[in-house]
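All remarks here apply to the structure that follows.
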Amino acid sequence: MVIVRREVDYALRALAYLASSGGQCAHSIGRIAVATGVSESFLRKIAQALVDARLVISVRGRAGGLRLARAPERIALLEVMRALDLVPVVNRCLVDAHSCNRGRRCAIRSQLGKVQAQLYRVLRARTLADCLNERGRMRLKSKGGQV
């Protein structure tokens, strides 16, 4: 079971890059792609979802690009997952009651619901800043080895 899908991983890399650079400067998608090792075309799709979710701001013009919409401490991991429509689900029955004929009578569903709730609590409590602070700075592909 994969909880953090590739799109979320790439989005977090891009957000970490923006945060590590101070968060206030706009960076082109091309520059972010090179620094994070993510293909530019794939990153464009992810970036649009992050803009739509108001996690990043798209700045137009010659010095344009992307910048964080708010401080890394205020961007929860669950928000990033929701922006990409990739919120983890422990079991299908928790989001689609018709996927199982046992419905609410199922003891397993009840326990999985508790696991799901705990997972969401953790993802809501952890932020982009936590990802950066884990080792001081998040390691990304760049000329200096770090951003």
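Within each chain, counting starts at residue 1; across the structure tokens, chains are named A, B, ... in the order shown, with ligands numbered 1 upward in that order.
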
Selection near Gly113 in chain A, 12 Å with only C-alpha atoms, sequence-local residues under 2 positions removed, as a list in words: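 The contact residues come out as Val89, Val90, Asn91, Arg92, Cys93, Leu94, Val95, Arg104, Cys106, Ala107, Ile108, Arg109, Ser110, Gln111, Val115, Gln116, Ala117, Gln118, Leu119 and Tyr120 of chain A.
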
Selection above as a file: N, CA and C atoms, as a CSV table (one decimal), in the first residue's frame:
```
chain,number,residue,atom,x,y,z
A,89,VAL,N,-6.6,6.7,1.7
A,89,VAL,CA,-7.8,6.0,2.2
A,89,VAL,C,-7.3,4.6,2.7
A,90,VAL,N,-7.6,4.2,3.9
A,90,VAL,CA,-7.2,3.0,4.4
A,90,VAL,C,-7.9,1.8,3.8
A,91,ASN,N,-9.2,2.0,3.5
A,91,ASN,CA,-10.0,1.0,2.9
A,91,ASN,C,-11.2,1.7,2.1
A,92,ARG,N,-11.5,1.1,1.0
A,92,ARG,CA,-12.5,1.7,0.1
A,92,ARG,C,-13.9,1.9,0.8
A,93,CYS,N,-14.2,1.0,1.8
A,93,CYS,CA,-15.5,1.1,2.4
A,93,CYS,C,-15.6,2.4,3.3
A,94,LEU,N,-14.5,3.0,3.6
A,94,LEU,CA,-14.6,4.2,4.4
A,94,LEU,C,-15.0,5.4,3.6
A,95,VAL,N,-14.9,5.4,2.3
A,95,VAL,CA,-15.4,6.5,1.4
A,95,VAL,C,-16.6,6.1,0.5
A,104,ARG,N,-22.3,-0.7,8.0
A,104,ARG,CA,-21.9,-0.2,9.4
A,104,ARG,C,-21.9,-1.3,10.4
A,106,CYS,N,-20.0,-3.9,10.2
A,106,CYS,CA,-18.7,-4.5,10.1
A,106,CYS,C,-17.8,-4.0,11.2
A,107,ALA,N,-17.2,-4.9,12.0
A,107,ALA,CA,-16.3,-4.5,13.1
A,107,ALA,C,-14.9,-4.1,12.5
A,108,ILE,N,-14.6,-4.6,11.4
A,108,ILE,CA,-13.3,-4.3,10.7
A,108,ILE,C,-13.4,-2.8,10.2
A,109,ARG,N,-14.5,-2.5,9.6
A,109,ARG,CA,-14.7,-1.1,9.1
A,109,ARG,C,-14.5,-0.1,10.2
A,110,SER,N,-15.1,-0.4,11.4
A,110,SER,CA,-15.0,0.5,12.5
A,110,SER,C,-13.5,0.7,12.9
A,111,GLN,N,-12.7,-0.4,13.0
A,111,GLN,CA,-11.3,-0.3,13.4
A,111,GLN,C,-10.5,0.5,12.3
A,115,VAL,N,-8.1,3.9,12.4
A,115,VAL,CA,-6.8,4.1,11.8
A,115,VAL,C,-6.8,5.3,10.9
A,116,GLN,N,-7.8,5.4,10.0
A,116,GLN,CA,-7.9,6.5,9.1
A,116,GLN,C,-8.0,7.8,9.8
A,117,ALA,N,-8.7,7.9,10.9
A,117,ALA,CA,-8.8,9.2,11.6
A,117,ALA,C,-7.5,9.6,12.2
A,118,GLN,N,-6.7,8.6,12.7
A,118,GLN,CA,-5.4,8.8,13.3
A,118,GLN,C,-4.4,9.3,12.2
A,119,LEU,N,-4.5,8.7,11.1
A,119,LEU,CA,-3.6,9.1,10.0
A,119,LEU,C,-3.9,10.5,9.6
A,120,TYR,N,-5.2,10.9,9.5
A,120,TYR,CA,-5.5,12.2,9.1
A,120,TYR,C,-5.1,13.2,10.2
```

Which range 43-108 of chain A residues have any atom within 6 Å of an atom of range 18-28 of chain A, and for each, what is the nearest pair of atoms with distance in Å to one decimal, counting only C-alpha atoms, rows sorted by chain and number, as CSV?
```
residue,atom,partner,partner_atom,distance
A:Gly64,CA,A:Ala26,CA,5.8
A:Gly65,CA,A:Ser28,CA,4.2
A:Leu66,CA,A:Ala26,CA,4.7
A:Arg67,CA,A:Ala26,CA,4.7
A:Leu68,CA,A:Gly23,CA,5.3
```

Those in chain A with strand (DSSP E or B) from DSSP, as a ChimeraX atom specification: /A:27,56-59,65-68,76,127

Take the residues from that selection and put them in a file with N, CA and C atoms, as a tab-separated table (two decimals), in the first residue's frame.
```
chain	number	residue	atom	x	y	z
A	27	HIS	N	10.14	31.47	-8.37
A	27	HIS	CA	11.07	30.62	-9.12
A	27	HIS	C	10.32	29.99	-10.29
A	56	VAL	N	0.46	27.86	-3.36
A	56	VAL	CA	1.49	28.68	-4.00
A	56	VAL	C	0.80	29.77	-4.81
A	57	ILE	N	1.58	30.79	-5.10
A	57	ILE	CA	1.09	31.91	-5.90
A	57	ILE	C	1.88	31.92	-7.21
A	58	SER	N	1.16	32.08	-8.30
A	58	SER	CA	1.79	32.17	-9.60
A	58	SER	C	2.01	33.65	-9.91
A	59	VAL	N	3.27	33.99	-10.13
A	59	VAL	CA	3.64	35.38	-10.42
A	59	VAL	C	3.95	35.47	-11.91
A	65	GLY	N	7.08	33.27	-11.77
A	65	GLY	CA	7.24	31.88	-11.39
A	65	GLY	C	6.30	31.57	-10.25
A	66	LEU	N	6.74	30.70	-9.36
A	66	LEU	CA	5.93	30.29	-8.22
A	66	LEU	C	6.60	30.72	-6.93
A	67	ARG	N	5.77	31.06	-5.95
A	67	ARG	CA	6.26	31.30	-4.60
A	67	ARG	C	5.22	30.79	-3.62
A	68	LEU	N	5.65	30.54	-2.39
A	68	LEU	CA	4.71	30.04	-1.38
A	68	LEU	C	3.64	31.08	-1.09
A	76	ALA	N	-0.06	22.25	5.88
A	76	ALA	CA	-0.14	20.88	6.40
A	76	ALA	C	0.02	19.87	5.26
A	127	THR	N	3.65	19.58	9.04
A	127	THR	CA	3.67	20.66	8.06
A	127	THR	C	4.90	20.58	7.16
```

If you run DSSP over the backbone, which residues in range 13-141 of chain A end up alpha helix (DSSP H)? Put them as a PDB file with N, CA and C atoms, in the first residue's frame.
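selection-v7.pdb, freshly written:
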```
ATOM      1  N   ARG A  13       8.486  18.172  -2.729  1.00  0.00           N
ATOM      2  CA  ARG A  13       9.828  18.600  -3.152  1.00  0.00           C
ATOM      3  C   ARG A  13       9.800  20.030  -3.668  1.00  0.00           C
ATOM      4  N   ALA A  14       8.808  20.329  -4.497  1.00  0.00           N
ATOM      5  CA  ALA A  14       8.699  21.679  -5.056  1.00  0.00           C
ATOM      6  C   ALA A  14       8.427  22.703  -3.960  1.00  0.00           C
ATOM      7  N   LEU A  15       7.524  22.381  -3.050  1.00  0.00           N
ATOM      8  CA  LEU A  15       7.209  23.288  -1.954  1.00  0.00           C
ATOM      9  C   LEU A  15       8.429  23.484  -1.049  1.00  0.00           C
ATOM     10  N   ALA A  16       9.154  22.412  -0.803  1.00  0.00           N
ATOM     11  CA  ALA A  16      10.361  22.506   0.034  1.00  0.00           C
ATOM     12  C   ALA A  16      11.405  23.393  -0.632  1.00  0.00           C
ATOM     13  N   TYR A  17      11.531  23.273  -1.944  1.00  0.00           N
ATOM     14  CA  TYR A  17      12.468  24.130  -2.672  1.00  0.00           C
ATOM     15  C   TYR A  17      12.088  25.595  -2.495  1.00  0.00           C
ATOM     16  N   LEU A  18      10.804  25.893  -2.670  1.00  0.00           N
ATOM     17  CA  LEU A  18      10.342  27.269  -2.517  1.00  0.00           C
ATOM     18  C   LEU A  18      10.562  27.769  -1.091  1.00  0.00           C
ATOM     19  N   ALA A  19      10.285  26.920  -0.121  1.00  0.00           N
ATOM     20  CA  ALA A  19      10.459  27.302   1.283  1.00  0.00           C
ATOM     21  C   ALA A  19      11.930  27.500   1.629  1.00  0.00           C
ATOM     22  N   SER A  20      12.784  26.629   1.120  1.00  0.00           N
ATOM     23  CA  SER A  20      14.213  26.703   1.419  1.00  0.00           C
ATOM     24  C   SER A  20      14.861  27.958   0.839  1.00  0.00           C
ATOM     25  N   ILE A  29       9.163  27.297 -13.084  1.00  0.00           N
ATOM     26  CA  ILE A  29       8.921  25.860 -12.993  1.00  0.00           C
ATOM     27  C   ILE A  29      10.138  25.093 -13.513  1.00  0.00           C
ATOM     28  N   GLY A  30      10.782  25.624 -14.540  1.00  0.00           N
ATOM     29  CA  GLY A  30      11.989  24.982 -15.055  1.00  0.00           C
ATOM     30  C   GLY A  30      13.077  24.880 -14.003  1.00  0.00           C
ATOM     31  N   ARG A  31      13.284  25.961 -13.278  1.00  0.00           N
ATOM     32  CA  ARG A  31      14.307  25.971 -12.219  1.00  0.00           C
ATOM     33  C   ARG A  31      13.945  24.989 -11.104  1.00  0.00           C
ATOM     34  N   ILE A  32      12.674  24.973 -10.712  1.00  0.00           N
ATOM     35  CA  ILE A  32      12.224  24.050  -9.662  1.00  0.00           C
ATOM     36  C   ILE A  32      12.385  22.610 -10.136  1.00  0.00           C
ATOM     37  N   ALA A  33      12.057  22.358 -11.397  1.00  0.00           N
ATOM     38  CA  ALA A  33      12.170  21.000 -11.954  1.00  0.00           C
ATOM     39  C   ALA A  33      13.611  20.505 -11.900  1.00  0.00           C
ATOM     40  N   VAL A  34      14.535  21.346 -12.301  1.00  0.00           N
ATOM     41  CA  VAL A  34      15.955  20.964 -12.278  1.00  0.00           C
ATOM     42  C   VAL A  34      16.408  20.713 -10.842  1.00  0.00           C
ATOM     43  N   ALA A  35      16.042  21.599  -9.933  1.00  0.00           N
ATOM     44  CA  ALA A  35      16.483  21.486  -8.541  1.00  0.00           C
ATOM     45  C   ALA A  35      15.909  20.268  -7.833  1.00  0.00           C
ATOM     46  N   THR A  36      14.691  19.869  -8.215  1.00  0.00           N
ATOM     47  CA  THR A  36      14.022  18.767  -7.518  1.00  0.00           C
ATOM     48  C   THR A  36      14.122  17.435  -8.243  1.00  0.00           C
ATOM     49  N   GLU A  40       9.670  18.704 -15.974  1.00  0.00           N
ATOM     50  CA  GLU A  40       9.004  19.998 -16.042  1.00  0.00           C
ATOM     51  C   GLU A  40       7.528  19.865 -16.414  1.00  0.00           C
ATOM     52  N   SER A  41       7.205  18.981 -17.338  1.00  0.00           N
ATOM     53  CA  SER A  41       5.799  18.841 -17.760  1.00  0.00           C
ATOM     54  C   SER A  41       4.941  18.287 -16.621  1.00  0.00           C
ATOM     55  N   PHE A  42       5.474  17.327 -15.874  1.00  0.00           N
ATOM     56  CA  PHE A  42       4.734  16.759 -14.747  1.00  0.00           C
ATOM     57  C   PHE A  42       4.594  17.805 -13.642  1.00  0.00           C
ATOM     58  N   LEU A  43       5.647  18.567 -13.425  1.00  0.00           N
ATOM     59  CA  LEU A  43       5.625  19.595 -12.386  1.00  0.00           C
ATOM     60  C   LEU A  43       4.613  20.689 -12.723  1.00  0.00           C
ATOM     61  N   ARG A  44       4.426  21.004 -14.007  1.00  0.00           N
ATOM     62  CA  ARG A  44       3.423  22.007 -14.397  1.00  0.00           C
ATOM     63  C   ARG A  44       2.025  21.602 -13.940  1.00  0.00           C
ATOM     64  N   LYS A  45       1.687  20.335 -14.114  1.00  0.00           N
ATOM     65  CA  LYS A  45       0.365  19.841 -13.686  1.00  0.00           C
ATOM     66  C   LYS A  45       0.219  19.933 -12.172  1.00  0.00           C
ATOM     67  N   ILE A  46       1.268  19.539 -11.472  1.00  0.00           N
ATOM     68  CA  ILE A  46       1.245  19.596 -10.012  1.00  0.00           C
ATOM     69  C   ILE A  46       1.153  21.049  -9.551  1.00  0.00           C
ATOM     70  N   ALA A  47       1.922  21.927 -10.180  1.00  0.00           N
ATOM     71  CA  ALA A  47       1.933  23.343  -9.809  1.00  0.00           C
ATOM     72  C   ALA A  47       0.556  23.964  -9.968  1.00  0.00           C
ATOM     73  N   GLN A  48      -0.148  23.603 -11.026  1.00  0.00           N
ATOM     74  CA  GLN A  48      -1.481  24.167 -11.235  1.00  0.00           C
ATOM     75  C   GLN A  48      -2.415  23.765 -10.096  1.00  0.00           C
ATOM     76  N   ALA A  49      -2.326  22.536  -9.647  1.00  0.00           N
ATOM     77  CA  ALA A  49      -3.149  22.085  -8.519  1.00  0.00           C
ATOM     78  C   ALA A  49      -2.781  22.842  -7.242  1.00  0.00           C
ATOM     79  N   LEU A  50      -1.497  23.111  -7.046  1.00  0.00           N
ATOM     80  CA  LEU A  50      -1.050  23.854  -5.863  1.00  0.00           C
ATOM     81  C   LEU A  50      -1.504  25.304  -5.919  1.00  0.00           C
ATOM     82  N   VAL A  51      -1.517  25.886  -7.115  1.00  0.00           N
ATOM     83  CA  VAL A  51      -2.035  27.254  -7.293  1.00  0.00           C
ATOM     84  C   VAL A  51      -3.529  27.271  -7.012  1.00  0.00           C
ATOM     85  N   ASP A  52      -4.260  26.315  -7.587  1.00  0.00           N
ATOM     86  CA  ASP A  52      -5.715  26.251  -7.382  1.00  0.00           C
ATOM     87  C   ASP A  52      -6.074  26.098  -5.908  1.00  0.00           C
ATOM     88  N   LEU A  77       0.626  18.726   5.579  1.00  0.00           N
ATOM     89  CA  LEU A  77       0.802  17.671   4.577  1.00  0.00           C
ATOM     90  C   LEU A  77      -0.545  17.223   4.015  1.00  0.00           C
ATOM     91  N   LEU A  78      -1.566  17.174   4.861  1.00  0.00           N
ATOM     92  CA  LEU A  78      -2.892  16.769   4.387  1.00  0.00           C
ATOM     93  C   LEU A  78      -3.421  17.754   3.347  1.00  0.00           C
ATOM     94  N   GLU A  79      -3.126  19.041   3.515  1.00  0.00           N
ATOM     95  CA  GLU A  79      -3.543  20.051   2.525  1.00  0.00           C
ATOM     96  C   GLU A  79      -2.919  19.793   1.161  1.00  0.00           C
ATOM     97  N   VAL A  80      -1.647  19.409   1.173  1.00  0.00           N
ATOM     98  CA  VAL A  80      -0.952  19.130  -0.085  1.00  0.00           C
ATOM     99  C   VAL A  80      -1.610  17.934  -0.765  1.00  0.00           C
ATOM    100  N   MET A  81      -1.913  16.906   0.007  1.00  0.00           N
ATOM    101  CA  MET A  81      -2.574  15.718  -0.553  1.00  0.00           C
ATOM    102  C   MET A  81      -3.946  16.069  -1.106  1.00  0.00           C
ATOM    103  N   ARG A  82      -4.689  16.877  -0.377  1.00  0.00           N
ATOM    104  CA  ARG A  82      -6.024  17.284  -0.844  1.00  0.00           C
ATOM    105  C   ARG A  82      -5.931  18.123  -2.117  1.00  0.00           C
ATOM    106  N   ALA A  83      -4.916  18.956  -2.209  1.00  0.00           N
ATOM    107  CA  ALA A  83      -4.736  19.789  -3.400  1.00  0.00           C
ATOM    108  C   ALA A  83      -4.597  18.930  -4.646  1.00  0.00           C
ATOM    109  N   ALA A 107     -17.231  -4.879  12.033  1.00  0.00           N
ATOM    110  CA  ALA A 107     -16.272  -4.501  13.078  1.00  0.00           C
ATOM    111  C   ALA A 107     -14.940  -4.071  12.468  1.00  0.00           C
ATOM    112  N   ILE A 108     -14.583  -4.639  11.351  1.00  0.00           N
ATOM    113  CA  ILE A 108     -13.328  -4.287  10.693  1.00  0.00           C
ATOM    114  C   ILE A 108     -13.393  -2.843  10.196  1.00  0.00           C
ATOM    115  N   ARG A 109     -14.517  -2.478   9.607  1.00  0.00           N
ATOM    116  CA  ARG A 109     -14.691  -1.115   9.108  1.00  0.00           C
ATOM    117  C   ARG A 109     -14.540  -0.100  10.235  1.00  0.00           C
ATOM    118  N   SER A 110     -15.084  -0.421  11.380  1.00  0.00           N
ATOM    119  CA  SER A 110     -14.986   0.463  12.534  1.00  0.00           C
ATOM    120  C   SER A 110     -13.528   0.682  12.940  1.00  0.00           C
ATOM    121  N   GLN A 111     -12.750  -0.385  12.988  1.00  0.00           N
ATOM    122  CA  GLN A 111     -11.336  -0.278  13.367  1.00  0.00           C
ATOM    123  C   GLN A 111     -10.534   0.460  12.301  1.00  0.00           C
ATOM    124  N   LEU A 112     -10.820   0.169  11.049  1.00  0.00           N
ATOM    125  CA  LEU A 112     -10.122   0.870   9.971  1.00  0.00           C
ATOM    126  C   LEU A 112     -10.457   2.362   9.986  1.00  0.00           C
ATOM    127  N   GLY A 113     -11.674   2.688  10.375  1.00  0.00           N
ATOM    128  CA  GLY A 113     -12.068   4.086  10.502  1.00  0.00           C
ATOM    129  C   GLY A 113     -11.235   4.801  11.558  1.00  0.00           C
ATOM    130  N   LYS A 114     -10.918   4.105  12.632  1.00  0.00           N
ATOM    131  CA  LYS A 114     -10.066   4.684  13.681  1.00  0.00           C
ATOM    132  C   LYS A 114      -8.640   4.898  13.173  1.00  0.00           C
ATOM    133  N   VAL A 115      -8.142   3.940  12.401  1.00  0.00           N
ATOM    134  CA  VAL A 115      -6.808   4.077  11.811  1.00  0.00           C
ATOM    135  C   VAL A 115      -6.791   5.273  10.856  1.00  0.00           C
ATOM    136  N   GLN A 116      -7.828   5.377  10.048  1.00  0.00           N
ATOM    137  CA  GLN A 116      -7.939   6.480   9.096  1.00  0.00           C
ATOM    138  C   GLN A 116      -7.954   7.827   9.824  1.00  0.00           C
ATOM    139  N   ALA A 117      -8.735   7.917  10.876  1.00  0.00           N
ATOM    140  CA  ALA A 117      -8.831   9.169  11.636  1.00  0.00           C
ATOM    141  C   ALA A 117      -7.474   9.550  12.230  1.00  0.00           C
ATOM    142  N   GLN A 118      -6.743   8.570  12.746  1.00  0.00           N
ATOM    143  CA  GLN A 118      -5.427   8.829  13.310  1.00  0.00           C
ATOM    144  C   GLN A 118      -4.450   9.307  12.228  1.00  0.00           C
ATOM    145  N   LEU A 119      -4.497   8.656  11.079  1.00  0.00           N
ATOM    146  CA  LEU A 119      -3.638   9.054   9.961  1.00  0.00           C
ATOM    147  C   LEU A 119      -3.912  10.506   9.568  1.00  0.00           C
ATOM    148  N   TYR A 120      -5.180  10.875   9.472  1.00  0.00           N
ATOM    149  CA  TYR A 120      -5.537  12.249   9.115  1.00  0.00           C
ATOM    150  C   TYR A 120      -5.064  13.232  10.176  1.00  0.00           C
ATOM    151  N   ARG A 121      -5.165  12.853  11.459  1.00  0.00           N
ATOM    152  CA  ARG A 121      -4.681  13.736  12.530  1.00  0.00           C
ATOM    153  C   ARG A 121      -3.186  14.010  12.366  1.00  0.00           C
ATOM    154  N   VAL A 122      -2.426  12.967  12.078  1.00  0.00           N
ATOM    155  CA  VAL A 122      -0.978  13.120  11.907  1.00  0.00           C
ATOM    156  C   VAL A 122      -0.684  13.992  10.690  1.00  0.00           C
ATOM    157  N   LEU A 123      -1.341  13.726   9.576  1.00  0.00           N
ATOM    158  CA  LEU A 123      -1.090  14.497   8.352  1.00  0.00           C
ATOM    159  C   LEU A 123      -1.539  15.950   8.480  1.00  0.00           C
ATOM    160  N   ARG A 124      -2.547  16.196   9.309  1.00  0.00           N
ATOM    161  CA  ARG A 124      -2.998  17.564   9.555  1.00  0.00           C
ATOM    162  C   ARG A 124      -2.008  18.300  10.484  1.00  0.00           C
ATOM    163  N   ALA A 125      -1.393  17.554  11.392  1.00  0.00           N
ATOM    164  CA  ALA A 125      -0.471  18.153  12.366  1.00  0.00           C
ATOM    165  C   ALA A 125       0.927  18.390  11.792  1.00  0.00           C
ATOM    166  N   LEU A 128       4.899  21.429   6.178  1.00  0.00           N
ATOM    167  CA  LEU A 128       6.052  21.555   5.302  1.00  0.00           C
ATOM    168  C   LEU A 128       7.286  21.928   6.119  1.00  0.00           C
ATOM    169  N   ALA A 129       7.119  22.764   7.117  1.00  0.00           N
ATOM    170  CA  ALA A 129       8.239  23.156   7.983  1.00  0.00           C
ATOM    171  C   ALA A 129       8.831  21.935   8.682  1.00  0.00           C
ATOM    172  N   ASP A 130       7.999  20.992   9.093  1.00  0.00           N
ATOM    173  CA  ASP A 130       8.505  19.768   9.728  1.00  0.00           C
ATOM    174  C   ASP A 130       9.395  18.996   8.770  1.00  0.00           C
ATOM    175  N   CYS A 131       9.019  18.961   7.506  1.00  0.00           N
ATOM    176  CA  CYS A 131       9.833  18.267   6.498  1.00  0.00           C
ATOM    177  C   CYS A 131      11.198  18.930   6.358  1.00  0.00           C
ATOM    178  N   LEU A 132      11.215  20.236   6.426  1.00  0.00           N
ATOM    179  CA  LEU A 132      12.467  20.976   6.291  1.00  0.00           C
ATOM    180  C   LEU A 132      13.327  20.862   7.544  1.00  0.00           C
ATOM    181  N   ASN A 133      12.694  20.863   8.695  1.00  0.00           N
ATOM    182  CA  ASN A 133      13.420  20.852   9.958  1.00  0.00           C
ATOM    183  C   ASN A 133      13.954  19.488  10.355  1.00  0.00           C
TER     184      ASN A 133
END
```

Distance criterion (only C-alpha atoms): nearest to Arg6 in chain A out of A:Gly61, A:Leu86, A:Arg54, A:Ala69: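 Between A:Gly61, A:Leu86, A:Arg54, A:Ala69, the residue approaching Arg6 in chain A most closely is A:Leu86.
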